[in-house]
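Text of final-v9.cif (mmCIF, C-alpha atoms and all ligand atoms) as supplied:
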```
data_my_file
loop_
_atom_site.label_atom_id
_atom_site.label_comp_id
_atom_site.auth_asym_id
_atom_site.auth_seq_id
_atom_site.Cartn_x
_atom_site.Cartn_y
_atom_site.Cartn_z
CA MET A 1 -28.70 118.31 138.46
CA ARG A 2 -30.28 114.97 137.57
CA ALA A 3 -33.92 114.22 138.38
CA ILE A 4 -36.22 111.33 137.51
CA ARG A 5 -39.28 112.91 135.92
CA ILE A 6 -42.42 112.21 133.96
CA ASP A 7 -44.09 114.60 131.51
CA ARG A 8 -47.02 112.23 130.85
CA HIS A 9 -48.60 109.20 132.51
CA GLY A 10 -47.88 105.68 131.24
CA GLY A 11 -45.54 102.68 131.48
CA PRO A 12 -41.94 102.70 132.72
CA ASP A 13 -40.88 104.24 129.37
CA VAL A 14 -42.32 107.63 130.44
CA LEU A 15 -39.60 107.87 133.13
CA THR A 16 -36.68 110.05 132.05
CA VAL A 17 -33.52 111.28 133.75
CA ASP A 18 -33.59 115.03 133.08
CA ASP A 19 -31.17 117.84 133.75
CA ILE A 20 -33.08 120.44 135.78
CA ALA A 21 -32.25 123.53 137.82
CA GLU A 22 -31.09 123.05 141.41
CA PRO A 23 -33.72 123.97 144.01
CA VAL A 24 -33.51 127.38 145.69
CA LEU A 25 -33.60 127.04 149.45
CA ALA A 26 -36.52 128.81 151.16
CA ALA A 27 -36.71 129.90 154.80
CA ASP A 28 -36.80 126.93 157.22
CA GLU A 29 -35.77 124.51 154.47
CA VAL A 30 -32.91 122.04 154.30
CA LEU A 31 -31.03 121.09 151.13
CA ILE A 32 -30.17 117.38 150.96
CA ARG A 33 -27.76 115.71 148.57
CA THR A 34 -29.47 112.42 147.83
CA THR A 35 -27.71 109.15 148.62
CA ALA A 36 -30.65 106.86 147.81
CA THR A 37 -34.38 106.58 147.50
CA SER A 38 -36.69 103.61 147.39
CA LEU A 39 -39.68 102.59 145.31
CA ASN A 40 -43.18 102.59 146.75
CA PRO A 41 -46.43 101.54 145.07
CA VAL A 42 -47.51 105.20 145.00
CA ASP A 43 -44.60 105.95 142.65
CA TRP A 44 -45.73 103.58 139.92
CA LYS A 45 -49.36 104.57 140.49
CA THR A 46 -48.43 108.25 140.07
CA ARG A 47 -46.52 107.31 136.93
CA ALA A 48 -49.25 105.11 135.48
CA TRP A 49 -52.48 106.68 136.70
CA GLU A 50 -53.85 110.19 136.12
CA VAL A 51 -52.96 111.23 139.69
CA GLY A 52 -50.48 113.55 141.34
CA PRO A 53 -49.18 117.05 140.77
CA PRO A 54 -49.20 118.89 137.42
CA LEU A 55 -46.66 117.53 134.90
CA PRO A 56 -43.76 117.58 134.29
CA ALA A 57 -42.97 116.42 137.80
CA THR A 58 -40.15 114.81 139.73
CA LEU A 59 -41.32 111.57 141.37
CA GLY A 60 -40.43 110.04 144.73
CA TRP A 61 -41.37 110.05 148.41
CA ASP A 62 -38.33 108.55 150.19
CA ILE A 63 -34.89 110.04 150.62
CA SER A 64 -31.69 109.41 152.52
CA GLY A 65 -28.77 111.77 152.13
CA ARG A 66 -26.53 114.47 153.59
CA VAL A 67 -27.44 118.05 154.40
CA VAL A 68 -25.49 120.47 152.18
CA ALA A 69 -27.23 123.71 153.19
CA SER A 70 -29.68 124.53 155.94
CA ASN A 71 -32.02 127.38 156.88
CA ASP A 72 -33.25 125.33 159.85
CA PRO A 73 -31.06 125.51 162.97
CA SER A 74 -31.98 121.95 163.94
CA HIS A 75 -30.14 120.54 160.88
CA GLN A 76 -26.45 121.18 160.20
CA VAL A 77 -24.41 120.81 157.02
CA GLY A 78 -23.01 117.27 156.97
CA ASP A 79 -25.86 115.68 158.93
CA GLU A 80 -26.99 112.29 157.59
CA VAL A 81 -30.77 112.44 157.32
CA ILE A 82 -33.90 110.72 156.07
CA ALA A 83 -37.27 112.19 155.11
CA MET A 84 -40.61 111.43 153.54
CA SER A 85 -42.12 113.89 151.10
CA ALA A 86 -45.82 113.58 150.22
CA GLN A 87 -45.05 114.03 146.52
CA ILE A 88 -48.52 113.30 145.25
CA ALA A 89 -50.01 116.23 147.20
CA THR A 90 -47.12 118.68 147.27
CA GLY A 91 -45.23 117.97 144.02
CA ARG A 92 -41.94 117.84 145.99
CA GLY A 93 -40.40 114.67 144.54
CA THR A 94 -37.26 113.16 146.07
CA TRP A 95 -35.81 111.45 142.99
CA ALA A 96 -33.21 114.15 142.30
CA ASP A 97 -29.55 114.84 143.13
CA LEU A 98 -30.55 117.73 145.42
CA VAL A 99 -33.84 118.01 147.30
CA ALA A 100 -35.07 120.97 149.35
CA LEU A 101 -37.52 120.05 152.11
CA PRO A 102 -38.97 121.90 155.09
CA GLY A 103 -36.71 121.15 158.06
CA HIS A 104 -39.62 119.86 160.13
CA LEU A 105 -39.96 116.87 157.74
CA VAL A 106 -36.32 115.83 158.12
CA THR A 107 -34.83 113.62 160.82
CA ALA A 108 -31.49 112.00 161.63
CA ALA A 109 -30.78 108.78 159.75
CA PRO A 110 -30.34 105.63 161.83
CA THR A 111 -26.66 104.93 162.44
CA GLY A 112 -27.02 101.14 162.52
CA VAL A 113 -27.50 100.68 158.77
CA PRO A 114 -25.76 102.18 155.73
CA LEU A 115 -27.19 105.60 154.79
CA ALA A 116 -28.37 104.24 151.42
CA ASP A 117 -30.37 101.45 153.07
CA ALA A 118 -32.14 103.93 155.35
CA ALA A 119 -33.99 105.19 152.25
CA ALA A 120 -36.14 102.04 152.53
CA LEU A 121 -37.74 103.32 155.72
CA PRO A 122 -39.62 106.61 155.43
CA LEU A 123 -42.95 106.05 153.64
CA ALA A 124 -43.36 102.37 154.50
CA GLY A 125 -42.24 102.84 158.10
CA VAL A 126 -44.38 105.87 158.90
CA THR A 127 -47.37 104.23 157.20
CA ALA A 128 -46.96 101.06 159.28
CA LEU A 129 -46.53 102.97 162.53
CA GLN A 130 -49.53 105.24 161.94
CA ALA A 131 -51.74 102.35 160.80
CA LEU A 132 -50.97 100.39 163.99
CA ARG A 133 -51.71 103.53 165.99
CA ASN A 134 -55.01 103.98 164.15
CA ALA A 135 -55.85 100.40 165.07
CA GLU A 136 -55.56 101.42 168.76
CA LEU A 137 -53.68 98.26 169.64
CA ALA A 138 -52.94 97.45 173.26
CA ALA A 139 -50.01 95.36 174.48
CA GLY A 140 -50.98 91.68 174.54
CA GLU A 141 -53.59 92.02 171.77
CA ARG A 142 -53.33 90.01 168.54
CA VAL A 143 -53.49 91.53 165.08
CA LEU A 144 -53.78 89.81 161.71
CA ILE A 145 -51.51 91.58 159.20
CA VAL A 146 -52.55 91.00 155.60
CA GLY A 147 -49.65 91.41 153.14
CA ALA A 148 -47.09 90.79 155.90
CA ALA A 149 -44.22 90.08 153.51
CA GLY A 150 -44.58 93.49 151.85
CA ALA A 151 -42.85 96.72 152.77
CA VAL A 152 -45.52 98.16 155.06
CA GLY A 153 -46.73 94.76 156.28
CA GLY A 154 -43.21 93.56 157.10
CA LEU A 155 -42.49 96.68 159.13
CA ALA A 156 -45.92 96.44 160.80
CA VAL A 157 -45.14 92.90 162.00
CA GLN A 158 -41.86 94.11 163.51
CA LEU A 159 -43.40 97.25 165.02
CA ALA A 160 -46.22 95.20 166.54
CA ARG A 161 -43.66 93.00 168.25
CA SER A 162 -41.82 96.07 169.60
CA MET A 163 -45.17 97.26 171.09
CA GLY A 164 -45.81 93.91 172.80
CA VAL A 165 -48.57 93.11 170.31
CA HIS A 166 -48.86 89.59 168.85
CA SER A 167 -49.16 89.37 165.10
CA ASP A 168 -50.30 86.66 162.71
CA ALA A 169 -49.84 87.02 158.98
CA LEU A 170 -51.38 86.42 155.61
CA VAL A 171 -48.87 86.43 152.75
CA SER A 172 -49.41 86.07 149.02
CA ARG A 173 -47.39 82.90 148.41
CA PRO A 174 -46.14 79.90 150.40
CA GLU A 175 -42.49 80.81 149.87
CA HIS A 176 -43.10 84.05 151.82
CA GLU A 177 -44.31 82.32 154.97
CA ALA A 178 -40.82 81.81 156.45
CA ALA A 179 -40.00 85.50 155.93
CA ALA A 180 -43.08 86.56 157.92
CA VAL A 181 -42.09 84.22 160.77
CA GLU A 182 -38.57 85.66 160.77
CA LEU A 183 -40.03 89.14 161.18
CA GLY A 184 -42.03 88.04 164.21
CA ALA A 185 -45.36 86.70 162.98
CA GLU A 186 -46.56 83.77 165.07
CA HIS A 187 -49.02 82.03 162.73
CA VAL A 188 -48.76 82.50 158.97
CA TRP A 189 -51.10 81.55 156.13
CA HIS A 190 -50.96 82.07 152.39
CA ARG A 191 -54.56 81.04 151.60
CA PRO A 192 -57.27 83.44 152.83
CA ALA A 193 -59.72 80.51 153.12
CA ASP A 194 -57.51 78.96 155.83
CA LEU A 195 -57.76 81.97 158.18
CA PRO A 196 -59.68 81.30 161.41
CA ARG A 197 -63.13 82.88 161.10
CA GLY A 198 -64.25 85.57 163.54
CA HIS A 199 -60.99 85.29 165.46
CA TYR A 200 -59.04 88.56 165.42
CA PRO A 201 -59.74 91.65 167.53
CA VAL A 202 -57.78 93.64 164.92
CA VAL A 203 -57.08 93.17 161.20
CA LEU A 204 -54.61 95.41 159.35
CA ASP A 205 -54.91 95.07 155.58
CA THR A 206 -51.95 96.25 153.50
CA ALA A 207 -52.79 94.17 150.41
CA GLY A 208 -56.33 95.18 149.42
CA LEU A 209 -57.79 91.79 150.28
CA ASP A 210 -61.09 91.52 152.15
CA ALA A 211 -60.08 89.57 155.27
CA SER A 212 -63.10 90.68 157.30
CA ALA A 213 -64.27 87.07 157.77
CA ALA A 214 -61.32 86.65 160.15
CA LEU A 215 -62.36 89.66 162.28
CA ALA A 216 -64.02 88.98 165.64
CA VAL A 217 -67.41 90.56 166.31
CA GLY A 218 -66.75 94.14 167.46
CA GLY A 219 -63.16 94.04 166.15
CA ARG A 220 -61.28 96.90 164.45
CA TYR A 221 -60.55 96.69 160.72
CA VAL A 222 -57.92 99.07 159.36
CA SER A 223 -56.83 99.24 155.75
CA ILE A 224 -54.15 101.24 153.97
CA SER A 225 -55.09 99.91 150.53
CA ASP A 226 -56.86 101.70 147.67
CA GLU A 227 -59.58 99.04 147.64
CA PRO A 228 -63.00 99.82 149.15
CA LEU A 229 -63.38 98.88 152.81
CA PRO A 230 -65.36 95.73 153.62
CA ASP A 231 -68.81 96.22 155.08
CA VAL A 232 -67.72 95.99 158.72
CA PRO A 233 -68.86 98.40 161.46
CA GLY A 234 -66.11 100.92 162.22
CA ALA A 235 -63.82 99.79 159.38
CA ARG A 236 -61.42 102.61 158.63
CA LYS A 237 -58.67 103.65 156.25
CA SER A 238 -55.33 104.88 157.50
CA TYR A 239 -53.65 107.51 155.33
CA VAL A 240 -50.01 108.32 155.99
CA GLN A 241 -49.20 111.82 157.26
CA GLU A 242 -45.78 113.46 157.00
CA SER A 243 -44.21 113.22 160.47
CA ALA A 244 -40.53 113.56 161.32
CA ALA A 245 -41.37 112.50 164.90
CA ASP A 246 -42.75 109.17 163.68
CA LEU A 247 -39.79 108.78 161.35
CA ALA A 248 -37.43 109.42 164.27
CA SER A 249 -39.19 106.63 166.22
CA ILE A 250 -38.63 104.28 163.29
CA ALA A 251 -34.95 105.23 163.05
CA LYS A 252 -34.51 104.63 166.78
CA LEU A 253 -36.01 101.14 166.50
CA VAL A 254 -33.56 100.35 163.70
CA ASP A 255 -30.71 101.40 165.96
CA THR A 256 -31.97 99.28 168.87
CA GLY A 257 -32.18 96.27 166.54
CA GLU A 258 -35.98 96.01 166.82
CA LEU A 259 -36.55 96.86 163.14
CA ARG A 260 -34.74 95.13 160.32
CA VAL A 261 -34.30 96.94 157.00
CA ARG A 262 -34.94 94.54 154.12
CA ILE A 263 -33.44 95.35 150.72
CA ALA A 264 -34.46 93.17 147.77
CA ALA A 265 -32.51 94.90 144.99
CA ARG A 266 -30.47 97.98 144.16
CA TYR A 267 -30.56 99.99 140.95
CA SER A 268 -28.76 103.13 139.83
CA LEU A 269 -30.94 106.04 138.77
CA GLU A 270 -30.09 105.44 135.11
CA ASP A 271 -31.82 102.06 135.47
CA ILE A 272 -35.03 103.51 136.88
CA ARG A 273 -37.20 101.92 134.17
CA ALA A 274 -35.86 98.44 135.00
CA ALA A 275 -36.37 99.19 138.71
CA HIS A 276 -40.05 99.99 138.06
CA GLU A 277 -40.50 96.83 135.98
CA ARG A 278 -39.01 94.69 138.74
CA PHE A 279 -41.13 96.40 141.38
CA GLU A 280 -44.39 95.95 139.50
CA ALA A 281 -43.66 92.25 138.94
CA GLY A 282 -44.18 91.76 142.71
CA GLY A 283 -43.03 88.86 144.86
CA LEU A 284 -40.38 90.95 146.61
CA LEU A 285 -39.06 90.34 150.11
CA GLY A 286 -37.72 93.82 150.76
CA LYS A 287 -37.48 97.22 149.16
CA ILE A 288 -36.02 98.27 145.84
CA LEU A 289 -33.40 100.96 146.38
CA VAL A 290 -32.34 103.49 143.78
CA THR A 291 -28.87 104.92 144.44
CA PHE A 292 -27.62 108.31 143.26
N1 LIG B 301 -52.92 104.63 152.87
C1 LIG B 301 -51.66 105.04 152.82
O1 LIG B 301 -51.33 106.11 153.33
C2 LIG B 301 -50.63 104.17 152.17
C3 LIG B 301 -49.27 104.38 152.43
C4 LIG B 301 -48.35 103.49 151.86
C5 LIG B 301 -48.79 102.46 151.03
N2 LIG B 301 -50.11 102.36 150.76
C6 LIG B 301 -50.61 101.28 149.89
O2 LIG B 301 -50.50 100.08 150.66
C7 LIG B 301 -50.24 98.98 149.80
C8 LIG B 301 -49.02 98.22 150.31
O3 LIG B 301 -47.86 99.04 150.20
P1 LIG B 301 -46.42 98.37 150.32
O4 LIG B 301 -45.42 99.43 150.14
O5 LIG B 301 -46.35 97.49 151.51
O6 LIG B 301 -46.44 97.43 149.01
P2 LIG B 301 -45.70 96.05 148.76
O7 LIG B 301 -44.32 96.10 149.34
O8 LIG B 301 -45.87 95.74 147.32
O9 LIG B 301 -46.49 95.00 149.66
C9 LIG B 301 -47.76 94.49 149.33
C10 LIG B 301 -47.73 93.04 149.79
O10 LIG B 301 -49.05 92.49 149.71
C11 LIG B 301 -48.92 91.19 149.14
N3 LIG B 301 -50.19 90.72 148.62
C12 LIG B 301 -50.79 91.03 147.46
N4 LIG B 301 -51.95 90.35 147.35
C13 LIG B 301 -52.07 89.60 148.48
C14 LIG B 301 -53.03 88.68 148.94
N5 LIG B 301 -54.11 88.40 148.23
N6 LIG B 301 -52.83 88.07 150.14
C15 LIG B 301 -51.73 88.35 150.87
N7 LIG B 301 -50.78 89.22 150.48
C16 LIG B 301 -50.95 89.85 149.30
C17 LIG B 301 -47.85 91.36 148.10
O11 LIG B 301 -47.34 90.12 147.68
P3 LIG B 301 -46.82 89.92 146.16
O12 LIG B 301 -45.70 90.89 145.97
O13 LIG B 301 -46.39 88.52 146.13
O14 LIG B 301 -48.00 90.23 145.28
C18 LIG B 301 -46.84 92.17 148.91
O15 LIG B 301 -46.04 91.32 149.72
C19 LIG B 301 -50.10 99.57 148.40
O16 LIG B 301 -51.35 99.46 147.73
C20 LIG B 301 -49.79 101.04 148.65
O17 LIG B 301 -50.18 101.87 147.59
C21 LIG B 301 -51.04 103.17 151.32
#
```

What is this file in structure tokens?
Amino acid sequence: MRAIRIDRHGGPDVLTVDDIAEPVLAADEVLIRTTATSLNPVDWKTRAWEVGPPLPATLGWDISGRVVASNDPSHQVGDEVIAMSAQIATGRGTWADLVALPGHLVTAAPTGVPLADAAALPLAGVTALQALRNAELAAGERVLIVGAAGAVGGLAVQLARSMGVHSDALVSRPEHEAAAVELGAEHVWHRPADLPRGHYPVVLDTAGLDASAALAVGGRYVSISDEPLPDVPGARKSYVQESAADLASIAKLVDTGELRVRIAARYSLEDIRAAHERFEAGGLLGKILVTF
């Protein structure tokens, strides 16, 4: 079967489509034939930086596809599913024709969008949901979402709205302001200096920008970025955890129309190097999908 692998760290040229053995299904695992995956920053960081499992390794965290064999009674052959695999810790990459995952990581795909498009949801969606939860937001509160046009930020804006939380947004460029408003942000800025000082009870940073000047005294500052936290009492990082329950909540919100799946571009797996180049160039309003 085909798999997108690296045997060394470096630029997009280290990505190769290899022919490797099909996975052998263990107890409680589900075998998924991949329909699509999506690119996340962790994928290019794993490729470029000296991080992740021993090499050679198959990359990828997101998957949508169909179950073709199952040792878990909660998943049947033919089911359309999505899953997130914490590749960097476990070495189980999803960028392959067939992927074996523990059944407890797999959940039903939303029915309201094409199965391929659902591959845009797992890592970004679960990260956004868990980060908002870590921010302990209450209905009626207001959060500033930094990087609101990005994958996690864009889902966080929509999730906040579904929780009855107001969100304002900082985006990287003026042409992204309208997109943040469409997702549900009420006030949008593209220049950090324009943010109201000491205003927000909660700031969620998805872009690695120190927006602590906008935080109210006693407010909660949550970051998902790799950058060091600002010197704010109680500032915390939110690290995504594999959770099929959280993924199922995301899928449900897609089906109720509360979450919109944004796709910026589609590539076939043979064009994975071009997909990485486009992704790293930034400025996207939606995910990059890779179809199998
Ligand atoms: N902690 C965790 O568990 C976890 C989980 C998932 C992701 N992450 C990390 O979280 C970050 C975001 O992930 P993602 O998938 O949402 O990436 P993404 O889709 O690339 O989104 C990042 C967004 O931030 C914007 N941005 C960059 N600099 C900015 C600035 N100064 N002001 C406002 N916006 C700015 C980017 O705009 P441009 O494209 O125009 O630059 C982009 O819209 C990445 O660093 C990723 O590695 C962490």

Practice problem: May I have the residues within 6 Å of ligand LIG 301 (chain B), computed using all atoms listed in the file, as a PyMOL selection string? | Solution: chain A and resi 40-42+124+127+146-147+149-153+170-172+206-207+209+224-226+238-240+282-284

Now that the selection is made, can you save its residues with C-alpha atoms as a short mmCIF file (atom, residue, chain, number, x, y, z; two decimals), keeping the file's coordinate frame?
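Heads up, here's the output in again_39.cif:
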```
data_model
loop_
_atom_site.label_atom_id
_atom_site.label_comp_id
_atom_site.auth_asym_id
_atom_site.auth_seq_id
_atom_site.Cartn_x
_atom_site.Cartn_y
_atom_site.Cartn_z
CA ASN A 40 -43.18 102.59 146.75
CA PRO A 41 -46.43 101.54 145.07
CA VAL A 42 -47.51 105.20 145.00
CA ALA A 124 -43.36 102.37 154.50
CA THR A 127 -47.37 104.23 157.20
CA VAL A 146 -52.55 91.00 155.60
CA GLY A 147 -49.65 91.41 153.14
CA ALA A 149 -44.22 90.08 153.51
CA GLY A 150 -44.58 93.49 151.85
CA ALA A 151 -42.85 96.72 152.77
CA VAL A 152 -45.52 98.16 155.06
CA GLY A 153 -46.73 94.76 156.28
CA LEU A 170 -51.38 86.42 155.61
CA VAL A 171 -48.87 86.43 152.75
CA SER A 172 -49.41 86.07 149.02
CA THR A 206 -51.95 96.25 153.50
CA ALA A 207 -52.79 94.17 150.41
CA LEU A 209 -57.79 91.79 150.28
CA ILE A 224 -54.15 101.24 153.97
CA SER A 225 -55.09 99.91 150.53
CA ASP A 226 -56.86 101.70 147.67
CA SER A 238 -55.33 104.88 157.50
CA TYR A 239 -53.65 107.51 155.33
CA VAL A 240 -50.01 108.32 155.99
CA GLY A 282 -44.18 91.76 142.71
CA GLY A 283 -43.03 88.86 144.86
CA LEU A 284 -40.38 90.95 146.61
#
```

Considering only C-alpha atoms, return as an mmCIF file with C-alpha atoms, in the coordinates of the input whatever protein or nucleic-acid residues lie within 9 Å of Pro56 (chain A), sequence-local ones (same chain, fewer than 2 positions apart) excluded.
```cif
data_model
loop_
_atom_site.group_PDB
_atom_site.id
_atom_site.type_symbol
_atom_site.label_atom_id
_atom_site.label_comp_id
_atom_site.auth_asym_id
_atom_site.auth_seq_id
_atom_site.Cartn_x
_atom_site.Cartn_y
_atom_site.Cartn_z
ATOM 1 C CA ARG A 5 -39.280 112.910 135.920
ATOM 2 C CA ILE A 6 -42.420 112.210 133.960
ATOM 3 C CA ASP A 7 -44.090 114.600 131.510
ATOM 4 C CA ARG A 8 -47.020 112.230 130.850
ATOM 5 C CA PRO A 53 -49.180 117.050 140.770
ATOM 6 C CA PRO A 54 -49.200 118.890 137.420
ATOM 7 C CA THR A 58 -40.150 114.810 139.730
#
```

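The space separating CA of Ser167 (chain A) from CA of Val202 (chain A) comes to 9.6 Å.
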
Quiz item: CA of Val81 (chain A) to CA of Arg278 (chain A): how many Å, to one decimal?
Solution: 27.0 Å

Practice problem: For Lys252 (chain A), work out the shell of residues within 12 Å, counting all atoms listed in the file and skipping chain neighbours fewer than 3 positions away, then give it as an MDAnalysis selection string. | Solution: chainID A and resid 107:113 118 121 125 159 162 245:249 255:260

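You will find CA of Pro12 (chain A) at 24.9 Å from CA of Arg33 (chain A).
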
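Remark: for Ala26 (chain A), the closest of the candidate residues A:Gly103, A:Gly91, A:Pro174, A:Trp61 is A:Gly103 (distances computed over all atoms listed in the file).
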
Quiz item: Residues around (-27.4, 119.7, 151.1), cut-off 6 Å, counting all atoms listed in the file - what are they as a PyMOL selection string?
Solution: chain A and resi 31-33+66-69

Next, dump the selected residues to file, keeping only C-alpha atoms, as an mmCIF file, keeping the file's coordinate frame.
```cif
data_model
loop_
_atom_site.group_PDB
_atom_site.id
_atom_site.type_symbol
_atom_site.label_atom_id
_atom_site.label_comp_id
_atom_site.auth_asym_id
_atom_site.auth_seq_id
_atom_site.Cartn_x
_atom_site.Cartn_y
_atom_site.Cartn_z
ATOM 1 C CA LEU A 31 -31.030 121.090 151.130
ATOM 2 C CA ILE A 32 -30.170 117.380 150.960
ATOM 3 C CA ARG A 33 -27.760 115.710 148.570
ATOM 4 C CA ARG A 66 -26.530 114.470 153.590
ATOM 5 C CA VAL A 67 -27.440 118.050 154.400
ATOM 6 C CA VAL A 68 -25.490 120.470 152.180
ATOM 7 C CA ALA A 69 -27.230 123.710 153.190
#
```

Exercise. Between A:Val106, A:Leu115, A:Ala3, A:Val157, single out the one closest to Pro23 (chain A), counting only C-alpha atoms.
Key: A:Ala3

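Minimum distance to Leu204 (chain A) across A:Val126, A:Val222, A:Met1, A:Ala244 (counting only C-alpha atoms) occurs at A:Val222.
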
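Closest approach to Arg92 (chain A) among A:Ser64, A:Gly52, A:His75, A:Gly219: A:Gly52, based on all atoms listed in the file.
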
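Ranking A:Asp168, A:Asp62, A:Glu242, A:Glu177 by their shortest atom-to-atom distance to Gln130 (chain A), with only C-alpha atoms included, puts A:Glu242 first.
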
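With all atoms listed in the file as the atoms that count, the minimum distance from Asp194 (chain A) to the choices A:Ala275, A:Ala179, A:Ala213, A:Glu141 is reached by A:Ala213.
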
Practice problem: Compute the distance from (-54.1, 80.4, 164.2) to each atom, counting all atoms listed in the file, keep the residues with any atom at most 8 Å away, and return them as JSON, numbers by chain; use the coordinates of the file. | Solution: {"A": [168, 187, 188, 195, 196]}

Exercise. Within 12 Å of Leu15 (chain A), counting only C-alpha atoms, which residues show up once you throw out same-chain ones fewer than 2 positions away? Write them as a PyMOL selection string, please.
Key: chain A and resi 3-13+17-18+43-44+46-48+56-60+95+269-277

Extract region 123-148 of chain A from the structure I just pasted (atoms: C-alpha atoms) and return it as a short mmCIF file (atom, residue, chain, number, x, y, z; two decimals), in the first residue's frame.
```
data_model
loop_
_atom_site.label_atom_id
_atom_site.label_comp_id
_atom_site.auth_asym_id
_atom_site.auth_seq_id
_atom_site.Cartn_x
_atom_site.Cartn_y
_atom_site.Cartn_z
CA LEU A 123 -6.86 17.57 15.09
CA ALA A 124 -7.96 21.18 14.63
CA GLY A 125 -11.46 20.53 15.98
CA VAL A 126 -10.45 18.58 19.07
CA THR A 127 -7.71 21.12 19.81
CA ALA A 128 -10.17 24.02 19.59
CA LEU A 129 -12.77 22.28 21.76
CA GLN A 130 -10.28 21.27 24.45
CA ALA A 131 -8.62 24.71 24.48
CA LEU A 132 -12.00 26.42 25.04
CA ARG A 133 -12.72 23.90 27.79
CA ASN A 134 -9.34 24.62 29.39
CA ALA A 135 -10.25 28.31 29.32
CA GLU A 136 -13.27 27.47 31.53
CA LEU A 137 -15.55 29.74 29.53
CA ALA A 138 -19.06 30.41 30.74
CA ALA A 139 -22.01 31.32 28.51
CA GLY A 140 -22.15 35.09 28.02
CA GLU A 141 -18.40 35.60 28.54
CA ARG A 142 -16.22 37.17 25.84
CA VAL A 143 -13.02 35.63 24.52
CA LEU A 144 -10.38 37.12 22.26
CA ILE A 145 -9.24 34.50 19.74
CA VAL A 146 -5.81 35.20 18.29
CA GLY A 147 -5.28 33.60 14.87
CA ALA A 148 -9.04 33.37 14.28
#
```
